[in-house]
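Scroll down for the structure; my scribbles are underneath it.
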Amino acid sequence: MTVEVRHLRAFLAIAEEGTITGAAVRLHLTQPALSRTLRQLETHLGHRLVDRSTHHLHLTPAGTAFRDRAAAAVAAVDDVLDPTRAGTWPLRLGHAWSALGAHTTTLLRRWQQDHPATPLELLRIDERTGGLARGSVDVAILRAPVDLPDIVVEALLSEARVAAVPADSVLAGRPVATLADLAAHPIAVNSLSGTTTLDLWPPSRTPATTVETANTDDWLAAIAAGRAVGVTTEATAAMHPHPAVAYVPLADAPSVTVSLAWRSPPSHPAVADLVALARDVVLTTPTR
């Protein structure tokens, strides 16, 4: 049997909807036809991808491992067949938040100057891999380790962590803060793409309360409203100044390594040029 893109789309729809019924409606197929397509894909791979033992379907370990590859393959096909991109092939740089901080504008302007025929698209995608796992980007800026197959990772720089606090709070007036200072307050946590977890604090001083947020905008809103304080890096202070939020250096929080990551082989011929330029920008451009 020949596997086609429709088999991958069927599997991804089932994985996202959690039911054959919902996926069939989304794809405008009958349930028997969708079930048959899934069985064909599983037969070809020699692995069960979906556990059908409960009403709400779950991916098997093999299905979970296959999902990222399937998403990347479908995204690549969609990108190649996108009529709006005929004649041009933009290089897509993804990030979960704050891009390269104060280096971002320099990188974008130098790329436009040096590579005018290849547009560079900076895309914020609210997931830990900045869109790399699902194939939405060619290169991603990472601030946390990721476990993806066939990925090349190059460390670029180290960012200091800072506290983000309401501008009218007592902490905002301090020249420096500590994790212990923050522990008495609810902590805003972006569990989808952020780098802050309660593991930053020692067990004896773990904050009692967290405020869950889904992206940088919601995280900032929670802090600005006085509902929480947060921990981020100096890149957020550079990229997201806010009149109701003050950024205060943190004395005892470890720095964050910022890396570029891309698939091997690269999905775009200009990936190596972007990596080289980012390396040069970080080494030669002052941020203050």
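In the structure tokens, each chain is lettered A, B, ... as it comes, each chain's residues begin at 1, and ligands are numbered from 1 in order of appearance.
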
Which residues, written as a compact mmCIF listing (two decimals) with all heavy atoms, in the first residue's frame, have at least one atom at most 10 Å from region 163-173 of chain A, with only C-alpha atoms counted and residues fewer than 4 positions away on the same chain left out?
# COMPACT_ATOMS: atom_id res chain seq x y z
N ALA A 177 16.70 41.54 43.24
CA ALA A 177 15.77 40.69 43.99
C ALA A 177 16.34 39.29 44.08
O ALA A 177 17.31 38.94 43.38
CB ALA A 177 14.41 40.67 43.31
N THR A 178 15.74 38.48 44.94
CA THR A 178 16.14 37.08 45.08
C THR A 178 14.91 36.20 44.89
O THR A 178 13.77 36.67 44.95
CB THR A 178 16.74 36.81 46.47
OG1 THR A 178 15.71 36.98 47.47
CG2 THR A 178 17.90 37.75 46.76
N LEU A 179 15.16 34.93 44.67
CA LEU A 179 14.06 33.98 44.55
C LEU A 179 13.23 33.94 45.83
O LEU A 179 12.01 33.77 45.79
CB LEU A 179 14.60 32.58 44.21
CG LEU A 179 15.19 32.42 42.81
CD1 LEU A 179 15.85 31.05 42.67
CD2 LEU A 179 14.11 32.58 41.75
N ASP A 181 12.59 36.42 47.73
CA ASP A 181 11.69 37.58 47.70
C ASP A 181 10.41 37.27 46.94
O ASP A 181 9.32 37.73 47.30
CB ASP A 181 12.38 38.77 47.03
CG ASP A 181 13.56 39.30 47.83
OD1 ASP A 181 13.54 39.17 49.07
OD2 ASP A 181 14.50 39.84 47.21
N LEU A 182 10.55 36.48 45.89
CA LEU A 182 9.39 36.18 45.04
C LEU A 182 8.51 35.07 45.61
O LEU A 182 7.33 34.97 45.28
CB LEU A 182 9.86 35.77 43.64
CG LEU A 182 10.75 36.75 42.89
CD1 LEU A 182 11.11 36.20 41.51
CD2 LEU A 182 10.07 38.11 42.76
N HIS A 185 4.88 35.37 46.89
CA HIS A 185 3.83 35.83 45.97
C HIS A 185 3.43 34.70 45.02
O HIS A 185 4.22 33.78 44.76
CB HIS A 185 4.35 37.01 45.14
CG HIS A 185 4.86 38.15 45.96
ND1 HIS A 185 4.06 39.19 46.38
CD2 HIS A 185 6.11 38.42 46.45
CE1 HIS A 185 4.78 40.05 47.08
NE2 HIS A 185 6.02 39.60 47.14
N ILE A 187 3.22 32.92 41.57
CA ILE A 187 4.17 32.97 40.46
C ILE A 187 3.43 32.71 39.15
O ILE A 187 2.74 31.68 39.00
CB ILE A 187 5.29 31.92 40.63
CG1 ILE A 187 5.99 32.10 41.97
CG2 ILE A 187 6.28 32.02 39.48
CD1 ILE A 187 6.71 33.40 42.15
N ALA A 188 3.56 33.62 38.20
CA ALA A 188 2.97 33.41 36.88
C ALA A 188 3.85 32.44 36.10
O ALA A 188 5.06 32.65 35.96
CB ALA A 188 2.86 34.74 36.13
N TRP A 219 0.84 36.20 30.36
CA TRP A 219 1.79 36.24 31.48
C TRP A 219 2.01 37.68 31.93
O TRP A 219 1.94 38.00 33.13
CB TRP A 219 3.09 35.59 31.02
CG TRP A 219 4.21 35.52 31.99
CD1 TRP A 219 4.43 34.56 32.94
CD2 TRP A 219 5.30 36.45 32.09
NE1 TRP A 219 5.59 34.83 33.63
CE2 TRP A 219 6.15 35.98 33.12
CE3 TRP A 219 5.65 37.60 31.40
CZ2 TRP A 219 7.31 36.64 33.49
CZ3 TRP A 219 6.82 38.28 31.75
CH2 TRP A 219 7.63 37.80 32.79
N LEU A 220 2.24 38.57 30.98
CA LEU A 220 2.42 39.99 31.31
C LEU A 220 1.16 40.58 31.93
O LEU A 220 1.23 41.38 32.87
CB LEU A 220 2.80 40.77 30.06
CG LEU A 220 4.26 40.74 29.63
CD1 LEU A 220 4.42 41.35 28.24
CD2 LEU A 220 5.15 41.45 30.64
N ALA A 221 0.00 40.21 31.39
CA ALA A 221 -1.26 40.75 31.90
C ALA A 221 -1.48 40.36 33.36
O ALA A 221 -1.95 41.17 34.17
CB ALA A 221 -2.42 40.28 31.04
N ALA A 222 -1.14 39.12 33.70
CA ALA A 222 -1.32 38.67 35.09
C ALA A 222 -0.43 39.46 36.04
O ALA A 222 -0.83 39.82 37.15
CB ALA A 222 -1.01 37.18 35.19
N ILE A 223 0.80 39.75 35.61
CA ILE A 223 1.72 40.51 36.47
C ILE A 223 1.29 41.97 36.55
O ILE A 223 1.28 42.59 37.62
CB ILE A 223 3.15 40.38 35.93
CG1 ILE A 223 3.60 38.91 36.01
CG2 ILE A 223 4.11 41.28 36.72
CD1 ILE A 223 4.88 38.62 35.27
N ALA A 224 0.93 42.56 35.41
CA ALA A 224 0.51 43.96 35.39
C ALA A 224 -0.71 44.19 36.27
O ALA A 224 -0.85 45.25 36.90
CB ALA A 224 0.21 44.39 33.96
N ALA A 225 -1.60 43.19 36.34
CA ALA A 225 -2.81 43.32 37.14
C ALA A 225 -2.56 43.10 38.63
O ALA A 225 -3.47 43.27 39.45
CB ALA A 225 -3.85 42.32 36.66
N GLY A 226 -1.34 42.73 39.00
CA GLY A 226 -1.03 42.51 40.40
C GLY A 226 -1.41 41.14 40.91
O GLY A 226 -1.38 40.89 42.11
N ARG A 227 -1.75 40.21 40.00
CA ARG A 227 -2.15 38.87 40.41
C ARG A 227 -0.96 37.97 40.72
O ARG A 227 -1.11 36.95 41.38
CB ARG A 227 -2.99 38.21 39.32
CG ARG A 227 -4.31 38.92 39.02
CD ARG A 227 -4.99 38.29 37.81
NE ARG A 227 -5.12 36.85 37.97
CZ ARG A 227 -4.98 35.98 36.98
NH1 ARG A 227 -4.69 36.40 35.76
NH2 ARG A 227 -5.13 34.69 37.20
N ALA A 228 0.22 38.33 40.21
CA ALA A 228 1.38 37.45 40.35
C ALA A 228 2.65 38.22 40.08
O ALA A 228 2.63 39.38 39.65
CB ALA A 228 1.26 36.27 39.37
N VAL A 229 3.78 37.56 40.35
CA VAL A 229 5.09 38.01 39.89
C VAL A 229 5.64 36.91 38.99
O VAL A 229 5.10 35.80 38.94
CB VAL A 229 6.05 38.27 41.07
CG1 VAL A 229 5.49 39.37 41.97
CG2 VAL A 229 6.29 36.99 41.87
N GLY A 230 6.72 37.19 38.26
CA GLY A 230 7.24 36.20 37.35
C GLY A 230 8.74 36.21 37.28
O GLY A 230 9.41 37.13 37.77
N VAL A 231 9.27 35.16 36.65
CA VAL A 231 10.70 35.06 36.38
C VAL A 231 10.86 34.83 34.89
O VAL A 231 10.21 33.98 34.29
CB VAL A 231 11.35 33.89 37.16
CG1 VAL A 231 12.82 33.76 36.77
CG2 VAL A 231 11.20 34.10 38.66
N THR A 232 11.73 35.62 34.27
CA THR A 232 11.97 35.50 32.84
C THR A 232 13.44 35.81 32.58
O THR A 232 14.27 35.74 33.50
CB THR A 232 11.03 36.43 32.05
OG1 THR A 232 11.21 36.22 30.64
CG2 THR A 232 11.25 37.88 32.39
N THR A 233 13.79 36.16 31.35
CA THR A 233 15.16 36.54 31.06
C THR A 233 15.21 37.98 30.60
O THR A 233 14.19 38.60 30.30
CB THR A 233 15.79 35.65 29.97
OG1 THR A 233 15.26 36.02 28.69
CG2 THR A 233 15.53 34.17 30.24
N GLU A 234 16.42 38.51 30.49
CA GLU A 234 16.61 39.90 30.08
C GLU A 234 16.06 40.16 28.68
O GLU A 234 15.75 41.31 28.33
CB GLU A 234 18.08 40.26 30.13
CG GLU A 234 18.97 39.35 29.30
CD GLU A 234 20.45 39.56 29.61
OE1 GLU A 234 20.78 40.60 30.22
OE2 GLU A 234 21.26 38.70 29.23
N THR A 236 13.11 39.33 27.58
CA THR A 236 11.73 39.79 27.73
C THR A 236 11.69 41.26 28.11
O THR A 236 10.85 42.01 27.63
CB THR A 236 11.00 38.94 28.78
OG1 THR A 236 11.09 37.56 28.42
CG2 THR A 236 9.55 39.34 28.89
N ALA A 237 12.61 41.66 28.98
CA ALA A 237 12.68 43.08 29.35
C ALA A 237 12.97 43.95 28.13
O ALA A 237 12.45 45.06 28.00
CB ALA A 237 13.74 43.28 30.42
N HIS A 242 6.69 47.23 29.57
CA HIS A 242 5.27 47.39 29.92
C HIS A 242 5.18 48.45 31.01
O HIS A 242 5.91 48.38 32.01
CB HIS A 242 4.70 46.05 30.40
CG HIS A 242 3.21 46.02 30.48
ND1 HIS A 242 2.48 46.80 31.36
CD2 HIS A 242 2.30 45.28 29.79
CE1 HIS A 242 1.19 46.54 31.22
NE2 HIS A 242 1.05 45.63 30.26
N PRO A 243 4.30 49.41 30.86
CA PRO A 243 4.24 50.49 31.85
C PRO A 243 3.84 50.03 33.25
O PRO A 243 4.15 50.71 34.24
CB PRO A 243 3.18 51.45 31.28
CG PRO A 243 2.38 50.62 30.33
CD PRO A 243 3.33 49.62 29.76
N ALA A 244 3.18 48.87 33.34
CA ALA A 244 2.74 48.39 34.65
C ALA A 244 3.59 47.24 35.17
O ALA A 244 3.26 46.62 36.18
CB ALA A 244 1.27 47.95 34.58
N VAL A 245 4.70 46.96 34.49
CA VAL A 245 5.58 45.86 34.90
C VAL A 245 7.00 46.38 35.02
O VAL A 245 7.48 47.10 34.13
CB VAL A 245 5.53 44.69 33.88
CG1 VAL A 245 6.55 43.61 34.26
CG2 VAL A 245 4.13 44.10 33.81
N ALA A 246 7.66 46.03 36.12
CA ALA A 246 9.07 46.39 36.31
C ALA A 246 9.91 45.11 36.26
O ALA A 246 9.51 44.07 36.78
CB ALA A 246 9.26 47.09 37.66
N TYR A 247 11.05 45.21 35.62
CA TYR A 247 11.99 44.08 35.54
C TYR A 247 13.15 44.37 36.48
O TYR A 247 13.81 45.41 36.39
CB TYR A 247 12.49 43.90 34.12
CG TYR A 247 11.39 43.51 33.14
CD1 TYR A 247 10.81 44.47 32.31
CD2 TYR A 247 10.94 42.20 33.06
CE1 TYR A 247 9.80 44.12 31.41
CE2 TYR A 247 9.94 41.84 32.17
CZ TYR A 247 9.37 42.80 31.35
OH TYR A 247 8.37 42.46 30.47
N VAL A 248 13.42 43.43 37.38
CA VAL A 248 14.44 43.61 38.42
C VAL A 248 15.44 42.47 38.30
O VAL A 248 15.05 41.30 38.22
CB VAL A 248 13.80 43.60 39.83
CG1 VAL A 248 14.86 43.82 40.90
CG2 VAL A 248 12.70 44.65 39.92
N PRO A 249 16.76 42.75 38.28
CA PRO A 249 17.75 41.66 38.21
C PRO A 249 17.57 40.67 39.35
O PRO A 249 17.24 41.04 40.48
CB PRO A 249 19.09 42.41 38.34
CG PRO A 249 18.79 43.79 37.86
CD PRO A 249 17.37 44.08 38.29
N LEU A 250 17.77 39.39 39.04
CA LEU A 250 17.69 38.33 40.06
C LEU A 250 19.09 37.90 40.44
O LEU A 250 19.89 37.54 39.57
CB LEU A 250 16.90 37.14 39.50
CG LEU A 250 15.41 37.08 39.82
CD1 LEU A 250 14.77 35.87 39.14
CD2 LEU A 250 15.15 37.04 41.31
N ALA A 251 19.38 37.90 41.73
CA ALA A 251 20.75 37.64 42.18
C ALA A 251 21.09 36.16 42.19
O ALA A 251 22.27 35.80 42.05
CB ALA A 251 20.95 38.23 43.57
N ALA A 253 19.37 33.33 40.50
CA ALA A 253 18.72 32.43 39.55
C ALA A 253 19.70 32.10 38.42
O ALA A 253 20.39 32.99 37.92
CB ALA A 253 17.46 33.07 38.97

Filtered DSSP result for region 102-259 of chain A, state helix (DSSP H, G or I), as a ChimeraX atom specification:
/A:102-114,170-173,179-183,198-200,203-205,216-224,234-239

What does the file look like for those residues with N, CA and C atoms, as a short mmCIF file (atom, residue, chain, number, x, y, z; two decimals), in the first residue's frame?
data_model
loop_
_atom_site.label_atom_id
_atom_site.label_comp_id
_atom_site.auth_asym_id
_atom_site.auth_seq_id
_atom_site.Cartn_x
_atom_site.Cartn_y
_atom_site.Cartn_z
N ALA A 102 17.45 41.79 22.60
CA ALA A 102 17.97 43.04 22.04
C ALA A 102 18.71 42.84 20.72
N HIS A 103 19.06 41.60 20.39
CA HIS A 103 19.73 41.32 19.11
C HIS A 103 18.75 41.17 17.96
N THR A 104 17.46 41.12 18.23
CA THR A 104 16.48 40.76 17.21
C THR A 104 16.46 41.74 16.04
N THR A 105 16.35 43.02 16.33
CA THR A 105 16.26 44.01 15.26
C THR A 105 17.51 44.01 14.38
N THR A 106 18.68 43.90 15.00
CA THR A 106 19.92 43.86 14.23
C THR A 106 19.94 42.66 13.30
N LEU A 107 19.52 41.50 13.80
CA LEU A 107 19.50 40.30 12.97
C LEU A 107 18.58 40.48 11.77
N LEU A 108 17.37 40.99 12.00
CA LEU A 108 16.41 41.15 10.91
C LEU A 108 16.90 42.15 9.87
N ARG A 109 17.47 43.25 10.31
CA ARG A 109 17.92 44.28 9.37
C ARG A 109 19.15 43.83 8.59
N ARG A 110 20.07 43.15 9.25
CA ARG A 110 21.24 42.67 8.53
C ARG A 110 20.86 41.58 7.54
N TRP A 111 19.91 40.74 7.89
CA TRP A 111 19.47 39.72 6.93
C TRP A 111 18.86 40.38 5.70
N GLN A 112 18.02 41.37 5.90
CA GLN A 112 17.40 42.04 4.76
C GLN A 112 18.45 42.72 3.89
N GLN A 113 19.48 43.25 4.51
CA GLN A 113 20.55 43.90 3.76
C GLN A 113 21.39 42.89 2.98
N ASP A 114 21.71 41.76 3.62
CA ASP A 114 22.63 40.79 3.01
C ASP A 114 21.94 39.79 2.10
N VAL A 170 6.45 46.81 46.11
CA VAL A 170 7.66 47.11 46.87
C VAL A 170 8.89 46.57 46.15
N LEU A 171 8.75 45.39 45.52
CA LEU A 171 9.88 44.76 44.85
C LEU A 171 10.39 45.59 43.67
N ALA A 172 9.50 46.37 43.07
CA ALA A 172 9.90 47.16 41.90
C ALA A 172 10.95 48.20 42.22
N GLY A 173 11.03 48.62 43.46
CA GLY A 173 11.98 49.65 43.83
C GLY A 173 13.34 49.12 44.25
N LEU A 179 15.16 34.93 44.67
CA LEU A 179 14.06 33.98 44.55
C LEU A 179 13.23 33.94 45.83
N ALA A 180 13.89 34.08 46.96
CA ALA A 180 13.16 34.10 48.23
C ALA A 180 12.20 35.28 48.30
N ASP A 181 12.59 36.42 47.73
CA ASP A 181 11.69 37.58 47.70
C ASP A 181 10.41 37.27 46.94
N LEU A 182 10.55 36.48 45.89
CA LEU A 182 9.39 36.18 45.04
C LEU A 182 8.51 35.07 45.61
N ALA A 183 9.09 34.23 46.47
CA ALA A 183 8.38 33.04 46.93
C ALA A 183 7.12 33.36 47.72
N LEU A 198 8.66 25.64 39.23
CA LEU A 198 8.91 25.74 40.67
C LEU A 198 10.20 25.07 41.08
N ASP A 199 10.83 24.31 40.16
CA ASP A 199 12.12 23.69 40.47
C ASP A 199 13.22 24.72 40.65
N LEU A 200 12.99 25.97 40.24
CA LEU A 200 13.98 27.01 40.47
C LEU A 200 14.21 27.27 41.96
N PRO A 203 13.28 23.27 47.84
CA PRO A 203 12.05 22.70 48.39
C PRO A 203 11.52 23.43 49.62
N SER A 204 12.42 23.99 50.40
CA SER A 204 11.99 24.66 51.63
C SER A 204 11.36 26.02 51.37
N ARG A 205 11.56 26.59 50.17
CA ARG A 205 11.03 27.91 49.87
C ARG A 205 10.20 27.93 48.59
N THR A 216 3.06 34.75 26.36
CA THR A 216 3.72 35.91 26.96
C THR A 216 2.73 37.04 27.26
N ASP A 217 1.77 37.26 26.37
CA ASP A 217 0.80 38.33 26.58
C ASP A 217 -0.01 38.10 27.85
N ASP A 218 -0.50 36.88 28.04
CA ASP A 218 -1.28 36.56 29.24
C ASP A 218 -0.40 36.63 30.50
N TRP A 219 0.84 36.20 30.36
CA TRP A 219 1.79 36.24 31.48
C TRP A 219 2.01 37.68 31.93
N LEU A 220 2.24 38.57 30.98
CA LEU A 220 2.42 39.99 31.31
C LEU A 220 1.16 40.58 31.93
N ALA A 221 0.00 40.21 31.39
CA ALA A 221 -1.26 40.75 31.90
C ALA A 221 -1.48 40.36 33.36
N ALA A 222 -1.14 39.12 33.70
CA ALA A 222 -1.32 38.67 35.09
C ALA A 222 -0.43 39.46 36.04
N ILE A 223 0.80 39.75 35.61
CA ILE A 223 1.72 40.51 36.47
C ILE A 223 1.29 41.97 36.55
N ALA A 224 0.93 42.56 35.41
CA ALA A 224 0.51 43.96 35.39
C ALA A 224 -0.71 44.19 36.27
N GLU A 234 16.42 38.51 30.49
CA GLU A 234 16.61 39.90 30.08
C GLU A 234 16.06 40.16 28.68
N ALA A 235 15.87 39.12 27.87
CA ALA A 235 15.30 39.30 26.53
C ALA A 235 13.87 39.80 26.61
N THR A 236 13.11 39.33 27.58
CA THR A 236 11.73 39.79 27.73
C THR A 236 11.69 41.26 28.11
N ALA A 237 12.61 41.66 28.98
CA ALA A 237 12.68 43.08 29.35
C ALA A 237 12.97 43.95 28.13
N ALA A 238 13.79 43.43 27.21
CA ALA A 238 14.13 44.19 26.01
C ALA A 238 12.99 44.23 25.00
N MET A 239 12.29 43.11 24.86
CA MET A 239 11.27 42.98 23.81
C MET A 239 9.87 43.34 24.27
#

Neighbouring residues of Leu29 (chain A) were defined as those with any atom within 12 Å, considering only C-alpha atoms; residues of the same chain fewer than 6 positions away were excluded. Please report them as a list in words.
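Counting only the stated atoms, we get Arg6, Arg9, Ala10, Ala13, Ile20, Thr21, Gly22, Ala23, Ser35, Arg36 and Thr37 of chain A.
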
Would you mind exporting C-alpha atoms of the selected residues as a PDB file, in the first residue's frame?
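Okay, this is what ended up in result_11.pdb:
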ATOM      1  CA  ARG A   6      -4.285  12.013   3.396  1.00  0.00           C
ATOM      2  CA  ARG A   9      -3.822  14.248   7.804  1.00  0.00           C
ATOM      3  CA  ALA A  10      -6.257  11.610   9.052  1.00  0.00           C
ATOM      4  CA  ALA A  13      -6.895  15.021  12.956  1.00  0.00           C
ATOM      5  CA  ILE A  20     -13.004   9.375  15.351  1.00  0.00           C
ATOM      6  CA  THR A  21     -16.315  11.248  15.226  1.00  0.00           C
ATOM      7  CA  GLY A  22     -14.755  14.687  15.675  1.00  0.00           C
ATOM      8  CA  ALA A  23     -11.944  13.969  13.242  1.00  0.00           C
ATOM      9  CA  SER A  35     -11.094   4.318  10.593  1.00  0.00           C
ATOM     10  CA  ARG A  36     -10.058   2.435   7.469  1.00  0.00           C
ATOM     11  CA  THR A  37      -7.496   5.097   6.577  1.00  0.00           C
TER      12      THR A  37
END

Which of A:Val152, A:Leu192, A:Ala160, A:Ala73 sits closest to Gly135 (chain A) [using only C-alpha atoms]
A:Ala73

Going by DSSP on the backbone, which residues of region 94-242 of chain A come out as strand (DSSP E or B)? List them as a ChimeraX atom specification.
/A:94-95,120-124,139-142,151-159,161-166,177,187-190,210-213,229-233,242

Give the answer as one residue: which of A:Leu123, A:Val256, A:Leu45, A:Leu91 has the shortest atom-to-atom distance to Leu157 (chain A), using only C-alpha atoms?
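The closest residue to Leu157 (chain A) is A:Val256.
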
Just the residues within 10 Å of Asp147 (chain A), please, counting only C-alpha atoms, with nothing from its chain fewer than 3 positions along; format it as a list in words.
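Using only C-alpha atoms, the neighbours found are Thr129, Ala133, Asp150 and Ile151 of chain A.
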
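Comparing A:His240, A:Arg279, A:Arg263, A:Arg134 by their smallest distance to Arg67 (chain A), the closest is A:Arg134 (using only C-alpha atoms).
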
What is the distance between CA of Asn190 (chain A) and CA of Val258 (chain A), in Å to one decimal?
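Separation of CA of Asn190 (chain A) and CA of Val258 (chain A): 17.4 Å.
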
Non-local contacts of Thr43 (chain A) (12 Å; only C-alpha atoms; under 5 positions in same chain excluded) as a list in words
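Near Thr43 (chain A), the qualifying residues are Met1, Thr2, Val3, His7, Arg36, Thr37, Leu38, Arg48 and Leu49 of chain A.
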
Only N, CA, C and O atoms, please: the residues just picked out, written as an mmCIF file, in the first residue's frame.
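What ended up in selection_34.cif:
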data_model
loop_
_atom_site.group_PDB
_atom_site.id
_atom_site.type_symbol
_atom_site.label_atom_id
_atom_site.label_comp_id
_atom_site.auth_asym_id
_atom_site.auth_seq_id
_atom_site.Cartn_x
_atom_site.Cartn_y
_atom_site.Cartn_z
ATOM 1 N N MET A 1 0.839 -1.195 0.000
ATOM 2 C CA MET A 1 0.000 0.000 0.000
ATOM 3 C C MET A 1 0.878 1.251 0.000
ATOM 4 O O MET A 1 1.907 1.298 0.674
ATOM 5 N N THR A 2 0.497 2.243 -0.765
ATOM 6 C CA THR A 2 1.208 3.513 -0.810
ATOM 7 C C THR A 2 0.593 4.485 0.200
ATOM 8 O O THR A 2 -0.612 4.742 0.171
ATOM 9 N N VAL A 3 1.430 4.992 1.088
ATOM 10 C CA VAL A 3 0.954 5.981 2.053
ATOM 11 C C VAL A 3 0.917 7.341 1.380
ATOM 12 O O VAL A 3 1.877 7.753 0.717
ATOM 13 N N HIS A 7 -3.354 10.074 4.562
ATOM 14 C CA HIS A 7 -3.210 9.195 5.716
ATOM 15 C C HIS A 7 -2.637 9.964 6.907
ATOM 16 O O HIS A 7 -3.069 9.784 8.050
ATOM 17 N N ARG A 36 -10.770 3.253 8.450
ATOM 18 C CA ARG A 36 -10.058 2.435 7.469
ATOM 19 C C ARG A 36 -8.728 3.082 7.081
ATOM 20 O O ARG A 36 -7.704 2.399 6.966
ATOM 21 N N THR A 37 -8.733 4.384 6.921
ATOM 22 C CA THR A 37 -7.496 5.097 6.577
ATOM 23 C C THR A 37 -6.467 4.968 7.693
ATOM 24 O O THR A 37 -5.275 4.760 7.436
ATOM 25 N N LEU A 38 -6.906 5.079 8.944
ATOM 26 C CA LEU A 38 -5.994 4.923 10.076
ATOM 27 C C LEU A 38 -5.416 3.513 10.106
ATOM 28 O O LEU A 38 -4.212 3.333 10.323
ATOM 29 N N ARG A 48 0.629 0.036 16.190
ATOM 30 C CA ARG A 48 -0.627 0.658 16.569
ATOM 31 C C ARG A 48 -0.329 2.086 17.024
ATOM 32 O O ARG A 48 0.469 2.294 17.926
ATOM 33 N N LEU A 49 -0.967 3.066 16.398
ATOM 34 C CA LEU A 49 -0.719 4.473 16.703
ATOM 35 C C LEU A 49 -1.716 5.050 17.688
ATOM 36 O O LEU A 49 -1.399 5.989 18.407
#

As an exercise, work out the distance from CA of Gly94 (chain A) to CA of Leu122 (chain A) in Å and give it to one decimal place.
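Separating CA of Gly94 (chain A) from CA of Leu122 (chain A) is a distance of 5.9 Å.
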